[in-house]
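Enquirer: File follows, work.cif with mmCIF, C-alpha atoms:
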```
data_input
loop_
_atom_site.label_atom_id
_atom_site.label_comp_id
_atom_site.auth_asym_id
_atom_site.auth_seq_id
_atom_site.Cartn_x
_atom_site.Cartn_y
_atom_site.Cartn_z
CA MET A 228 -86.23 -19.63 -29.58
CA SER A 229 -89.16 -21.08 -31.53
CA ASN A 230 -91.31 -21.86 -28.49
CA PRO A 231 -92.90 -18.56 -27.32
CA SER A 232 -93.12 -19.53 -23.64
CA THR A 233 -89.45 -20.54 -23.47
CA ASP A 234 -88.63 -17.30 -25.22
CA ASP A 235 -90.58 -15.28 -22.62
CA PHE A 236 -88.33 -16.74 -19.95
CA VAL A 237 -84.94 -16.83 -21.70
CA ARG A 238 -85.22 -13.29 -23.09
CA GLY A 239 -84.81 -11.70 -19.65
CA LEU A 240 -81.81 -13.85 -18.81
CA TRP A 241 -79.63 -12.86 -21.70
CA ARG A 242 -80.87 -11.14 -24.85
CA GLN A 243 -82.73 -8.40 -22.97
CA ASN A 244 -80.89 -8.70 -19.67
CA PRO A 245 -82.26 -5.79 -17.62
CA VAL A 246 -78.96 -4.57 -16.20
CA PHE A 247 -76.33 -5.36 -18.82
CA VAL A 248 -78.33 -4.85 -22.01
CA GLN A 249 -81.23 -2.53 -21.18
CA LEU A 250 -79.40 -0.62 -18.41
CA LEU A 251 -82.58 -0.58 -16.30
CA GLY A 252 -82.70 -0.64 -12.54
CA LEU A 253 -79.16 0.63 -12.23
CA CYS A 254 -79.69 2.50 -8.97
CA PRO A 255 -80.32 -0.57 -6.79
CA ALA A 256 -77.91 -2.66 -8.88
CA LEU A 257 -75.02 -0.38 -7.96
CA ALA A 258 -76.08 0.85 -4.54
CA VAL A 259 -76.42 -2.48 -2.74
CA SER A 260 -73.96 -4.59 -4.71
CA ASN A 261 -71.02 -4.06 -2.33
CA SER A 262 -71.38 -7.65 -1.10
CA ALA A 263 -72.75 -10.86 -2.59
CA ILE A 264 -75.35 -11.43 0.12
CA ASN A 265 -76.79 -7.92 -0.29
CA SER A 266 -76.96 -8.47 -4.05
CA LEU A 267 -78.75 -11.78 -3.62
CA THR A 268 -81.33 -10.33 -1.22
CA MET A 269 -81.96 -7.36 -3.46
CA GLY A 270 -82.25 -9.60 -6.53
CA LEU A 271 -84.72 -11.95 -4.85
CA ALA A 272 -86.79 -9.11 -3.39
CA THR A 273 -87.01 -7.41 -6.78
CA SER A 274 -87.87 -10.71 -8.49
CA PHE A 275 -90.68 -11.31 -6.03
CA VAL A 276 -92.18 -7.86 -6.59
CA LEU A 277 -91.78 -8.30 -10.34
CA LEU A 278 -93.54 -11.67 -10.24
CA ALA A 279 -96.39 -10.70 -7.93
CA SER A 280 -97.13 -7.38 -9.60
CA GLY A 281 -96.86 -8.94 -13.07
CA LEU A 282 -99.41 -11.61 -12.11
CA VAL A 283 -101.87 -9.14 -10.58
CA ILE A 284 -101.53 -6.54 -13.32
CA SER A 285 -102.00 -9.03 -16.14
CA SER A 286 -105.02 -10.55 -14.35
CA ILE A 287 -106.82 -7.23 -14.00
CA ARG A 288 -105.59 -5.72 -17.26
CA SER A 289 -109.04 -5.60 -18.93
CA TRP A 290 -110.66 -3.69 -16.03
CA VAL A 291 -108.11 -0.92 -15.61
CA PRO A 292 -108.99 2.28 -17.50
CA ALA A 293 -106.08 3.51 -19.59
CA ASP A 294 -106.06 6.97 -17.96
CA VAL A 295 -105.31 5.75 -14.46
CA ARG A 296 -103.25 2.69 -15.32
CA ILE A 297 -99.85 4.02 -14.20
CA VAL A 298 -101.21 5.10 -10.81
CA THR A 299 -102.90 1.71 -10.41
CA TYR A 300 -99.67 -0.11 -11.26
CA ILE A 301 -97.69 2.00 -8.82
CA CYS A 302 -100.17 1.28 -6.03
CA ILE A 303 -99.99 -2.46 -6.68
CA ILE A 304 -96.19 -2.40 -6.81
CA ALA A 305 -95.96 -0.27 -3.65
CA SER A 306 -98.17 -2.72 -1.74
CA PHE A 307 -95.94 -5.66 -2.61
CA VAL A 308 -92.81 -3.69 -1.78
CA THR A 309 -94.25 -2.88 1.65
CA CYS A 310 -94.80 -6.64 2.17
CA VAL A 311 -91.21 -7.41 1.16
CA ASP A 312 -89.90 -4.65 3.40
CA PHE A 313 -91.64 -6.08 6.48
CA THR A 314 -90.66 -9.66 5.56
CA ILE A 315 -86.96 -8.85 5.31
CA LYS A 316 -87.18 -6.92 8.59
CA ALA A 317 -88.73 -9.99 10.25
CA ILE A 318 -86.15 -12.41 8.84
CA SER A 319 -82.96 -10.47 9.47
CA LEU A 320 -82.81 -7.04 11.05
CA GLU A 321 -79.11 -6.80 10.21
CA LEU A 322 -79.73 -7.34 6.50
CA HIS A 323 -82.60 -4.86 6.61
CA LYS A 324 -80.27 -2.25 8.10
CA SER A 325 -77.53 -2.77 5.52
CA LEU A 326 -80.01 -2.45 2.64
CA GLY A 327 -81.68 0.55 4.28
CA ALA A 328 -84.04 2.65 2.21
CA PHE A 329 -83.14 0.73 -0.94
CA ILE A 330 -85.78 -1.93 -0.27
CA SER A 331 -88.48 0.74 -0.29
CA LEU A 332 -86.88 2.19 -3.39
CA ILE A 333 -87.75 -0.98 -5.33
CA VAL A 334 -91.02 0.89 -6.01
CA VAL A 335 -89.28 3.26 -8.37
CA ASN A 336 -87.11 0.61 -10.02
CA CYS A 337 -87.84 1.42 -13.66
CA LEU A 338 -87.50 -2.28 -14.52
CA ILE A 339 -90.70 -3.18 -12.64
CA LEU A 340 -92.88 -0.37 -13.97
CA GLY A 341 -91.36 -0.94 -17.41
CA ARG A 342 -92.30 -4.62 -17.49
CA ALA A 343 -95.76 -3.84 -16.08
CA GLU A 344 -96.42 -1.27 -18.78
CA SER A 345 -94.81 -2.98 -21.74
CA PHE A 346 -95.49 -6.65 -21.04
CA ALA A 347 -97.80 -7.60 -18.14
CA SER A 348 -100.56 -5.18 -19.18
CA ARG A 349 -100.76 -6.71 -22.65
CA ASN A 350 -100.36 -10.43 -22.10
CA THR A 351 -101.96 -13.36 -20.31
CA PRO A 352 -101.02 -14.06 -16.67
CA VAL A 353 -99.06 -17.18 -17.65
CA ARG A 354 -96.85 -15.29 -20.10
CA ALA A 355 -96.48 -12.41 -17.63
CA VAL A 356 -95.28 -14.80 -14.93
CA LEU A 357 -92.74 -16.40 -17.29
CA ASP A 358 -91.50 -12.99 -18.35
CA ALA A 359 -91.23 -11.84 -14.73
CA LEU A 360 -89.32 -15.00 -13.78
CA GLY A 361 -86.85 -14.47 -16.63
CA MET A 362 -86.36 -10.78 -15.93
CA GLY A 363 -86.06 -11.44 -12.19
CA ALA A 364 -83.48 -14.17 -12.77
CA GLY A 365 -81.54 -11.95 -15.18
CA PHE A 366 -81.57 -9.10 -12.66
CA THR A 367 -80.46 -11.35 -9.78
CA VAL A 368 -77.64 -12.92 -11.80
CA SER A 369 -76.36 -9.52 -12.94
CA LEU A 370 -76.44 -8.20 -9.38
CA LEU A 371 -74.59 -11.30 -8.16
CA LEU A 372 -71.94 -10.89 -10.86
CA ILE A 373 -71.34 -7.28 -9.81
CA GLY A 374 -71.61 -8.02 -6.09
CA SER A 375 -69.23 -11.00 -6.15
CA VAL A 376 -66.47 -9.10 -7.95
CA ARG A 377 -66.82 -6.18 -5.55
CA GLU A 378 -66.83 -8.39 -2.45
CA ILE A 379 -63.92 -10.59 -3.55
CA LEU A 380 -61.66 -7.67 -4.47
CA GLY A 381 -62.91 -5.25 -1.82
CA SER A 382 -63.07 -7.50 1.23
CA GLY A 383 -61.38 -10.72 0.09
CA THR A 384 -64.51 -12.71 0.91
CA LEU A 385 -67.50 -14.23 -0.88
CA PHE A 386 -70.79 -14.57 1.06
CA GLY A 387 -68.74 -13.75 4.17
CA MET A 388 -66.23 -16.61 3.67
CA ALA A 389 -62.59 -15.78 2.99
CA VAL A 390 -61.63 -16.83 -0.53
CA LEU A 391 -58.37 -15.00 -1.02
CA PRO A 392 -55.09 -15.68 0.86
CA ALA A 393 -54.65 -13.66 4.03
CA GLY A 394 -51.79 -11.60 2.60
CA PHE A 395 -54.00 -10.12 -0.11
CA GLN A 396 -54.17 -6.34 -0.02
CA THR A 397 -57.89 -5.58 -0.40
CA TRP A 398 -58.99 -2.94 -2.89
CA THR A 399 -60.97 -0.56 -0.74
CA VAL A 400 -62.15 1.32 -3.83
CA MET A 401 -64.32 -1.67 -4.77
CA ILE A 402 -66.63 -1.31 -1.78
CA LEU A 403 -66.78 2.47 -2.18
CA PRO A 404 -69.52 3.86 -4.46
CA SER A 405 -67.10 4.40 -7.34
CA GLY A 406 -66.27 0.66 -7.32
CA GLY A 407 -69.85 0.00 -8.42
CA PHE A 408 -69.45 2.19 -11.48
CA PHE A 409 -66.11 0.61 -12.39
CA VAL A 410 -67.26 -3.00 -12.03
CA LEU A 411 -70.42 -2.41 -14.07
CA ALA A 412 -68.34 -0.69 -16.76
CA LEU A 413 -65.98 -3.69 -16.74
CA TRP A 414 -68.81 -6.20 -17.24
CA LEU A 415 -70.26 -4.07 -20.06
CA LEU A 416 -66.83 -4.04 -21.67
CA ILE A 417 -66.52 -7.82 -21.46
CA ILE A 418 -70.00 -8.31 -22.89
CA ASN A 419 -69.43 -5.79 -25.71
CA ARG A 420 -66.15 -7.45 -26.54
CA TRP A 421 -67.76 -10.88 -26.59
CA GLN A 422 -70.59 -9.69 -28.79
CA GLN A 423 -68.23 -8.07 -31.25
CA ALA A 424 -66.22 -11.25 -31.50
CA ALA A 425 -69.42 -13.23 -31.99
CA GLU A 426 -70.62 -10.88 -34.73
CA ARG A 427 -67.34 -11.17 -36.58
CA THR A 428 -67.48 -14.96 -36.65
CA GLY A 429 -71.16 -14.83 -37.57
CA SER A 430 -72.19 -16.82 -34.53
CA PRO A 431 -75.97 -16.99 -33.93
CA ALA A 432 -75.44 -15.85 -30.34
CA ALA A 433 -75.04 -12.29 -31.58
CA GLU A 434 -78.42 -12.29 -33.23
CA GLY A 435 -80.65 -9.64 -31.68
CA ALA A 436 -78.15 -9.03 -28.91
CA GLY A 437 -77.03 -5.61 -30.08
CA LYS A 438 -80.32 -4.00 -29.08
CA MET B 101 -85.79 15.80 15.70
CA SER B 102 -82.23 15.62 14.45
CA ASP B 103 -80.02 18.43 15.79
CA ALA B 104 -77.83 18.95 12.71
CA THR B 105 -77.54 22.55 11.55
CA HIS B 106 -79.15 23.55 8.27
CA TRP B 107 -75.81 24.38 6.67
CA SER B 108 -74.30 21.00 7.53
CA ILE B 109 -77.38 19.20 6.18
CA PHE B 110 -77.10 21.19 2.96
CA VAL B 111 -73.37 20.53 2.47
CA ASN B 112 -73.75 16.90 3.42
CA ALA B 113 -76.51 16.28 0.86
CA ALA B 114 -74.88 18.32 -1.90
CA LEU B 115 -71.23 17.27 -1.67
CA ILE B 116 -70.27 14.63 0.88
CA ASN B 117 -73.11 12.19 0.33
CA ASN B 118 -74.03 13.34 -3.15
CA PHE B 119 -77.29 11.66 -4.14
CA VAL B 120 -76.05 10.51 -7.52
CA LEU B 121 -72.42 9.71 -6.87
CA ALA B 122 -72.59 8.26 -3.35
CA TYR B 123 -76.14 6.89 -3.06
CA PHE B 124 -76.69 6.02 -6.74
CA LEU B 125 -80.10 7.71 -6.70
CA GLY B 126 -81.43 9.15 -9.94
CA LEU B 127 -78.98 7.27 -12.15
CA CYS B 128 -81.45 6.88 -15.02
CA PRO B 129 -81.74 10.62 -15.77
CA PHE B 130 -78.06 10.98 -14.85
CA MET B 131 -77.07 8.63 -17.67
CA GLY B 132 -79.89 9.58 -20.04
CA VAL B 133 -79.90 13.37 -19.87
CA SER B 134 -76.22 14.11 -19.30
CA ALA B 135 -75.17 14.06 -22.94
CA LYS B 136 -75.69 17.83 -23.42
CA LEU B 137 -75.00 20.70 -21.06
CA SER B 138 -78.20 22.66 -21.79
CA THR B 139 -80.60 19.75 -21.18
CA ALA B 140 -78.66 18.85 -18.05
CA LEU B 141 -79.28 22.34 -16.63
CA ARG B 142 -83.00 22.24 -17.45
CA MET B 143 -83.37 18.81 -15.90
CA GLY B 144 -81.61 20.06 -12.78
CA GLY B 145 -84.10 22.92 -12.54
CA ALA B 146 -87.14 20.66 -12.87
CA VAL B 147 -85.79 18.20 -10.31
CA THR B 148 -85.03 21.02 -7.85
CA PHE B 149 -88.61 22.21 -8.04
CA VAL B 150 -90.17 18.76 -7.68
CA MET B 151 -87.81 17.91 -4.80
CA LEU B 152 -88.84 21.03 -2.87
CA VAL B 153 -92.56 20.38 -3.33
CA ALA B 154 -92.25 16.64 -2.65
CA SER B 155 -90.15 17.21 0.47
CA THR B 156 -92.70 19.67 1.88
CA CYS B 157 -95.63 17.37 1.09
CA ALA B 158 -93.87 14.30 2.46
CA TYR B 159 -93.11 16.09 5.74
CA TRP B 160 -96.72 17.07 6.45
CA LEU B 161 -98.03 13.76 5.15
CA ASN B 162 -95.76 11.91 7.55
CA GLN B 163 -97.08 13.99 10.45
CA LEU B 164 -100.62 13.02 9.43
CA LEU B 165 -99.69 9.33 9.14
CA LEU B 166 -98.12 9.44 12.61
CA VAL B 167 -101.27 11.01 14.09
CA LEU B 168 -103.51 8.39 12.46
CA ASP B 169 -101.01 5.62 13.37
CA VAL B 170 -100.95 4.13 9.87
CA THR B 171 -97.22 4.35 9.13
CA TYR B 172 -97.34 1.15 7.06
CA LEU B 173 -99.08 3.24 4.38
CA ARG B 174 -96.06 5.55 4.19
CA LEU B 175 -94.52 4.14 1.02
CA ILE B 176 -97.79 4.03 -0.96
CA SER B 177 -98.82 7.53 0.07
CA TYR B 178 -95.36 9.01 -0.70
CA VAL B 179 -95.36 7.49 -4.16
CA LEU B 180 -98.85 8.80 -4.86
CA VAL B 181 -97.95 12.28 -3.63
CA ILE B 182 -94.88 12.38 -5.85
CA ALA B 183 -96.82 11.14 -8.88
CA SER B 184 -99.52 13.75 -8.40
CA THR B 185 -96.98 16.52 -7.74
CA VAL B 186 -95.25 15.79 -11.01
CA GLN B 187 -98.60 15.75 -12.78
CA LEU B 188 -99.48 19.10 -11.19
CA VAL B 189 -96.14 20.65 -12.15
CA GLU B 190 -96.68 19.42 -15.67
CA MET B 191 -100.13 21.03 -15.94
CA LEU B 192 -99.00 24.30 -14.34
CA LEU B 193 -95.98 24.54 -16.60
CA ARG B 194 -98.06 23.87 -19.70
CA LYS B 195 -100.39 26.78 -18.80
CA LEU B 196 -97.81 29.24 -17.48
CA SER B 197 -94.78 28.65 -19.66
CA PRO B 198 -95.41 26.55 -22.77
CA ALA B 199 -91.85 27.20 -23.99
CA SER B 200 -90.09 25.52 -21.08
CA PHE B 201 -92.75 22.80 -21.09
CA ARG B 202 -91.79 21.90 -24.64
CA ALA B 203 -88.08 22.11 -23.85
CA LEU B 204 -88.34 19.56 -21.04
CA GLY B 205 -90.55 17.20 -23.01
CA ILE B 206 -90.47 13.60 -21.88
CA PHE B 207 -88.13 14.29 -18.96
CA LEU B 208 -90.90 15.88 -16.91
CA PRO B 209 -93.18 12.82 -16.50
CA LEU B 210 -90.10 10.63 -16.03
CA ILE B 211 -89.27 12.50 -12.82
CA THR B 212 -91.99 10.37 -11.18
CA THR B 213 -89.78 7.31 -11.41
CA ASN B 214 -86.66 9.22 -10.41
CA CYS B 215 -85.57 7.40 -7.28
CA ALA B 216 -83.82 10.52 -5.99
CA ILE B 217 -87.20 12.08 -5.19
CA LEU B 218 -88.60 9.11 -3.28
CA GLY B 219 -85.18 8.56 -1.70
CA LEU B 220 -85.21 12.14 -0.44
CA ALA B 221 -88.65 11.67 1.14
CA LEU B 222 -87.62 8.38 2.78
CA PHE B 223 -84.26 9.64 4.05
CA GLN B 224 -85.74 12.76 5.63
CA THR B 225 -88.31 10.58 7.43
CA ASN B 226 -85.72 8.05 8.61
CA ARG B 227 -83.44 10.77 9.93
CA GLY B 228 -86.29 12.59 11.68
CA TYR B 229 -85.61 16.04 10.20
CA GLY B 230 -87.81 18.98 11.23
CA PHE B 231 -89.61 21.03 8.60
CA SER B 232 -86.90 23.63 7.94
CA GLN B 233 -84.25 20.89 7.99
CA CYS B 234 -86.25 19.07 5.31
CA ILE B 235 -86.14 22.16 3.12
CA ALA B 236 -82.36 22.47 3.60
CA PHE B 237 -82.00 18.76 2.79
CA ALA B 238 -84.11 19.08 -0.38
CA LEU B 239 -82.13 22.12 -1.54
CA GLY B 240 -78.84 20.35 -0.88
CA ALA B 241 -79.88 17.16 -2.64
CA ALA B 242 -81.14 19.14 -5.64
CA ALA B 243 -77.94 21.19 -5.80
CA GLY B 244 -75.89 17.98 -5.63
CA PHE B 245 -77.95 16.35 -8.35
CA THR B 246 -77.65 19.37 -10.65
CA LEU B 247 -73.92 19.67 -9.97
CA ALA B 248 -73.28 16.00 -10.78
CA LEU B 249 -75.41 16.22 -13.93
CA VAL B 250 -73.70 19.38 -15.21
CA LEU B 251 -70.17 18.09 -14.48
CA MET B 252 -70.98 14.83 -16.22
CA ALA B 253 -72.45 16.63 -19.24
CA GLY B 254 -69.36 18.80 -19.52
CA VAL B 255 -67.09 15.76 -19.55
CA ARG B 256 -69.27 13.83 -21.99
CA GLU B 257 -69.40 16.73 -24.47
CA LYS B 258 -65.60 16.64 -24.57
CA LEU B 259 -65.56 12.85 -24.65
CA ASP B 260 -67.45 12.89 -27.95
CA LEU B 261 -64.50 14.63 -29.58
CA VAL B 262 -61.76 12.21 -28.59
CA PRO B 263 -61.03 8.89 -30.28
CA VAL B 264 -62.21 6.24 -27.81
CA PRO B 265 -61.78 2.53 -28.68
CA GLU B 266 -65.00 1.16 -30.12
CA VAL B 267 -65.61 -1.39 -27.33
CA VAL B 268 -65.60 1.30 -24.67
CA ARG B 269 -67.97 3.69 -26.48
CA GLY B 270 -71.37 4.47 -25.02
CA ALA B 271 -72.45 3.17 -21.64
CA SER B 272 -69.12 1.84 -20.39
CA ALA B 273 -67.29 5.09 -21.11
CA ALA B 274 -70.03 7.04 -19.28
CA LEU B 275 -69.84 4.67 -16.32
CA ILE B 276 -66.06 4.95 -16.06
CA VAL B 277 -66.36 8.76 -16.09
CA ALA B 278 -69.04 8.51 -13.39
CA GLY B 279 -66.75 6.29 -11.33
CA ILE B 280 -63.91 8.81 -11.54
CA LEU B 281 -66.31 11.66 -10.64
CA SER B 282 -67.52 9.64 -7.68
CA LEU B 283 -63.93 9.05 -6.57
CA SER B 284 -63.13 12.76 -6.73
CA PHE B 285 -66.25 13.62 -4.73
CA MET B 286 -64.86 11.45 -1.93
CA GLY B 287 -62.39 14.24 -1.43
CA PHE B 288 -65.20 16.27 0.12
CA ALA B 289 -65.53 13.73 2.94
CA GLY B 290 -63.38 15.84 5.24
CA LEU B 291 -65.85 18.75 5.06
CA GLY B 292 -68.52 17.18 7.25
CA SER B 293 -68.68 16.57 10.93
#
```
Is it possible to express this structure as structure tokens?
Expert:
Amino acid sequence: MSNPSTDDFVRGLWRQNPVFVQLLGLCPALAVSNSAINSLTMGLATSFVLLASGLVISSIRSWVPADVRIVTYICIIASFVTCVDFTIKAISLELHKSLGAFISLIVVNCLILGRAESFASRNTPVRAVLDALGMGAGFTVSLLLIGSVREILGSGTLFGMAVLPAGFQTWTVMILPSGGFFVLALWLLIINRWQQAAERTGSPAAEGAGK
Amino acid sequence: MSDATHWSIFVNAALINNFVLAYFLGLCPFMGVSAKLSTALRMGGAVTFVMLVASTCAYWLNQLLLVLDVTYLRLISYVLVIASTVQLVEMLLRKLSPASFRALGIFLPLITTNCAILGLALFQTNRGYGFSQCIAFALGAAAGFTLALVLMAGVREKLDLVPVPEVVRGASAALIVAGILSLSFMGFAGLGS
């Protein structure tokens, strides 16, 4: 953790993981995570917006007056989200339909505005890009973790391929909205448990993790 | 224009497809503000007001965008309208009722990034609701949001008094409660057409 640029990247993956540690961006994380492919698309789309807006915002940070900065950020973010929306529509109409309004709702993902305000607007473009990559990766991985559990238990498949024996009784509750809450709670439990165990043994992994 | 009746739109938005528990919209204030019953009620009031104004603005704005044939600007213009509405509400409230302004504090500006508001504007556009249907939809969504928030706050106030294992405390306990609430709201599914 001594090298600042490595730290910019790694921080988002684990120590300040947006979903599991900071509990940011929960709405899209739960709403579209009923299958692994939806989770992956959502994660990549959010990462792209995070990266592009982080780069632009940190490049123009010295010219934006403080009074109108939030509005400026929102405009920049909304433009990139519109691009992503049209791109996904062009690539796969089916995927676009299953994600629905949630692609447009990336605009109000508090993770993106939060990183813009607290990191990109105060640091050089290079650091902002590293931070965005780390946060984006952390967000995508968390979404995949939630989405995979829900798809495996709820439909018996992973990325559309059957992974469980045919006789398996699928847990419909997992693909219902409440499944999202339960699976996220489960992951938080596992992570809490792991951290507590790490703290007790004095492992360095627990350092700074209990934010 | 969609031909659903106003009552069915209202019930659908409030109970069957509750914004928080079925669409996961507005989860941040749902988790953040639902620790106490009184703040939950105030937040519900503020969101109701902003939803009504935002829904009205979004409807007329969409008509304008359709006339000018620039629908690709929809997202940007909606977000700007919502941000300025919240700003306006904040200024009005500060002048007219300083007491409730102080009571709401930080929650007021945070409504801008409440996805329930933008979600409402986008859904009503996608479904092609007419003006009065939009109002019914906004009222229903706001009622659903307030209901979910108040129910959650009631449960969490009680939850503070019971001995919960230390690992489960905090976010995971709140999420499990939310999951159970969401499950019980599925019981309303039979109400709709």
Enquirer: Give me, as a list of chain:residue names, the residues of chain A touching chain B, with the criterion being at most 6 Å (counting only C-alpha atoms).
Expert: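 Residues passing the distance filter: A:Cys254, A:Ala258, A:Ala305, A:Val335, A:Pro404, A:Ser405, A:Phe408, A:Phe409, A:Ala412.
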Enquirer: Can you list what the PyMOL selection byres ((chain B and resi 225) around 12) grabs from this structure, as number ranges by chain?
Expert: A: 328; B: 101-102, 155-163, 165-166, 171, 174-175, 178, 218-224, 226-231, 233-234, 237
Enquirer: For the residues in the current selection, export C-alpha atoms as a PDB file, in the coordinates of the input.
Expert:
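To be explicit, this is the file written out as part-v6.pdb:
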```pdb
ATOM      1  CA  ALA A 328     -84.040   2.650   2.210  1.00  0.00           C
TER       2      ALA A 328
ATOM      3  CA  MET B 101     -85.790  15.800  15.700  1.00  0.00           C
ATOM      4  CA  SER B 102     -82.230  15.620  14.450  1.00  0.00           C
ATOM      5  CA  SER B 155     -90.150  17.210   0.470  1.00  0.00           C
ATOM      6  CA  THR B 156     -92.700  19.670   1.880  1.00  0.00           C
ATOM      7  CA  CYS B 157     -95.630  17.370   1.090  1.00  0.00           C
ATOM      8  CA  ALA B 158     -93.870  14.300   2.460  1.00  0.00           C
ATOM      9  CA  TYR B 159     -93.110  16.090   5.740  1.00  0.00           C
ATOM     10  CA  TRP B 160     -96.720  17.070   6.450  1.00  0.00           C
ATOM     11  CA  LEU B 161     -98.030  13.760   5.150  1.00  0.00           C
ATOM     12  CA  ASN B 162     -95.760  11.910   7.550  1.00  0.00           C
ATOM     13  CA  GLN B 163     -97.080  13.990  10.450  1.00  0.00           C
ATOM     14  CA  LEU B 165     -99.690   9.330   9.140  1.00  0.00           C
ATOM     15  CA  LEU B 166     -98.120   9.440  12.610  1.00  0.00           C
ATOM     16  CA  THR B 171     -97.220   4.350   9.130  1.00  0.00           C
ATOM     17  CA  ARG B 174     -96.060   5.550   4.190  1.00  0.00           C
ATOM     18  CA  LEU B 175     -94.520   4.140   1.020  1.00  0.00           C
ATOM     19  CA  TYR B 178     -95.360   9.010  -0.700  1.00  0.00           C
ATOM     20  CA  LEU B 218     -88.600   9.110  -3.280  1.00  0.00           C
ATOM     21  CA  GLY B 219     -85.180   8.560  -1.700  1.00  0.00           C
ATOM     22  CA  LEU B 220     -85.210  12.140  -0.440  1.00  0.00           C
ATOM     23  CA  ALA B 221     -88.650  11.670   1.140  1.00  0.00           C
ATOM     24  CA  LEU B 222     -87.620   8.380   2.780  1.00  0.00           C
ATOM     25  CA  PHE B 223     -84.260   9.640   4.050  1.00  0.00           C
ATOM     26  CA  GLN B 224     -85.740  12.760   5.630  1.00  0.00           C
ATOM     27  CA  ASN B 226     -85.720   8.050   8.610  1.00  0.00           C
ATOM     28  CA  ARG B 227     -83.440  10.770   9.930  1.00  0.00           C
ATOM     29  CA  GLY B 228     -86.290  12.590  11.680  1.00  0.00           C
ATOM     30  CA  TYR B 229     -85.610  16.040  10.200  1.00  0.00           C
ATOM     31  CA  GLY B 230     -87.810  18.980  11.230  1.00  0.00           C
ATOM     32  CA  PHE B 231     -89.610  21.030   8.600  1.00  0.00           C
ATOM     33  CA  GLN B 233     -84.250  20.890   7.990  1.00  0.00           C
ATOM     34  CA  CYS B 234     -86.250  19.070   5.310  1.00  0.00           C
ATOM     35  CA  PHE B 237     -82.000  18.760   2.790  1.00  0.00           C
TER      36      PHE B 237
END
```
Enquirer: Using the chain letters and residue numbers of this document, give as an mmCIF file with C-alpha atoms, keeping the file's coordinate frame the residues selected by the PyMOL selection byres ((chain B and resi 252-262) around 7).
Expert:
```
data_model
loop_
_atom_site.group_PDB
_atom_site.id
_atom_site.type_symbol
_atom_site.label_atom_id
_atom_site.label_comp_id
_atom_site.auth_asym_id
_atom_site.auth_seq_id
_atom_site.Cartn_x
_atom_site.Cartn_y
_atom_site.Cartn_z
ATOM 1 C CA SER B 134 -76.220 14.110 -19.300
ATOM 2 C CA ALA B 135 -75.170 14.060 -22.940
ATOM 3 C CA LYS B 136 -75.690 17.830 -23.420
ATOM 4 C CA LEU B 137 -75.000 20.700 -21.060
ATOM 5 C CA ALA B 140 -78.660 18.850 -18.050
ATOM 6 C CA ALA B 248 -73.280 16.000 -10.780
ATOM 7 C CA LEU B 249 -75.410 16.220 -13.930
ATOM 8 C CA VAL B 250 -73.700 19.380 -15.210
ATOM 9 C CA LEU B 251 -70.170 18.090 -14.480
ATOM 10 C CA PRO B 263 -61.030 8.890 -30.280
ATOM 11 C CA VAL B 264 -62.210 6.240 -27.810
#
```
Enquirer: Quick one, how far is CA of Asn112 in chain B from CA of Thr185 in chain B?
Expert: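 Atom-to-atom, CA of Asn112 in chain B to CA of Thr185 in chain B, that is 25.8 Å.
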Enquirer: Which of these, A:Gln243, A:Thr233, A:Thr428, A:Thr273, has the shortest distance to Asn336 in chain A once you count all atoms listed in the file?
Expert: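 Smallest distance to Asn336 in chain A is found for A:Thr273.
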Enquirer: Applied to the shown file, which residues does the PyMOL selection byres ((chain A and resi 307) around 9) return, written as a ChimeraX atom specification?
Expert: /A:275-276,279-280,302-306,308-312,334
Enquirer: Extending 8 Å beyond the listed atoms of range 414-428 of chain A on each side, what axis-aligned box results? I want centre and edge lengths in Å to one decimal, as JSON.
Expert:
```
{"center_x": -68.4, "center_y": -9.5, "center_z": -26.9, "size_x": 20.5, "size_y": 26.9, "size_z": 35.4}
```
Enquirer: Any idea what the distance is between CA of Gly145 in chain B and CA of Trp107 in chain B?
Expert: 21.0 Å
Enquirer: Near Leu277 in chain A, within 10 Å and counting all atoms listed in the file, which residues show up once chain neighbours fewer than 5 positions away are dropped, as an NGL selection string?
Expert: :A and (271-272 or 282 or 304 or 307-308 or 333 or 338-340 or 342-343 or 347 or 355-356 or 358-360 or 362-363)
Enquirer: Write the selection just made, keeping C-alpha atoms, as a CSV table (one decimal), keeping the file's coordinate frame?
Expert:
```csv
chain,number,residue,atom,x,y,z
A,271,LEU,CA,-84.7,-12.0,-4.8
A,272,ALA,CA,-86.8,-9.1,-3.4
A,282,LEU,CA,-99.4,-11.6,-12.1
A,304,ILE,CA,-96.2,-2.4,-6.8
A,307,PHE,CA,-95.9,-5.7,-2.6
A,308,VAL,CA,-92.8,-3.7,-1.8
A,333,ILE,CA,-87.8,-1.0,-5.3
A,338,LEU,CA,-87.5,-2.3,-14.5
A,339,ILE,CA,-90.7,-3.2,-12.6
A,340,LEU,CA,-92.9,-0.4,-14.0
A,342,ARG,CA,-92.3,-4.6,-17.5
A,343,ALA,CA,-95.8,-3.8,-16.1
A,347,ALA,CA,-97.8,-7.6,-18.1
A,355,ALA,CA,-96.5,-12.4,-17.6
A,356,VAL,CA,-95.3,-14.8,-14.9
A,358,ASP,CA,-91.5,-13.0,-18.4
A,359,ALA,CA,-91.2,-11.8,-14.7
A,360,LEU,CA,-89.3,-15.0,-13.8
A,362,MET,CA,-86.4,-10.8,-15.9
A,363,GLY,CA,-86.1,-11.4,-12.2
```
Enquirer: Measure the distance from CA of Ala317 in chain A to CA of Phe329 in chain A in Å and round it to one decimal.
Expert: 16.5 Å
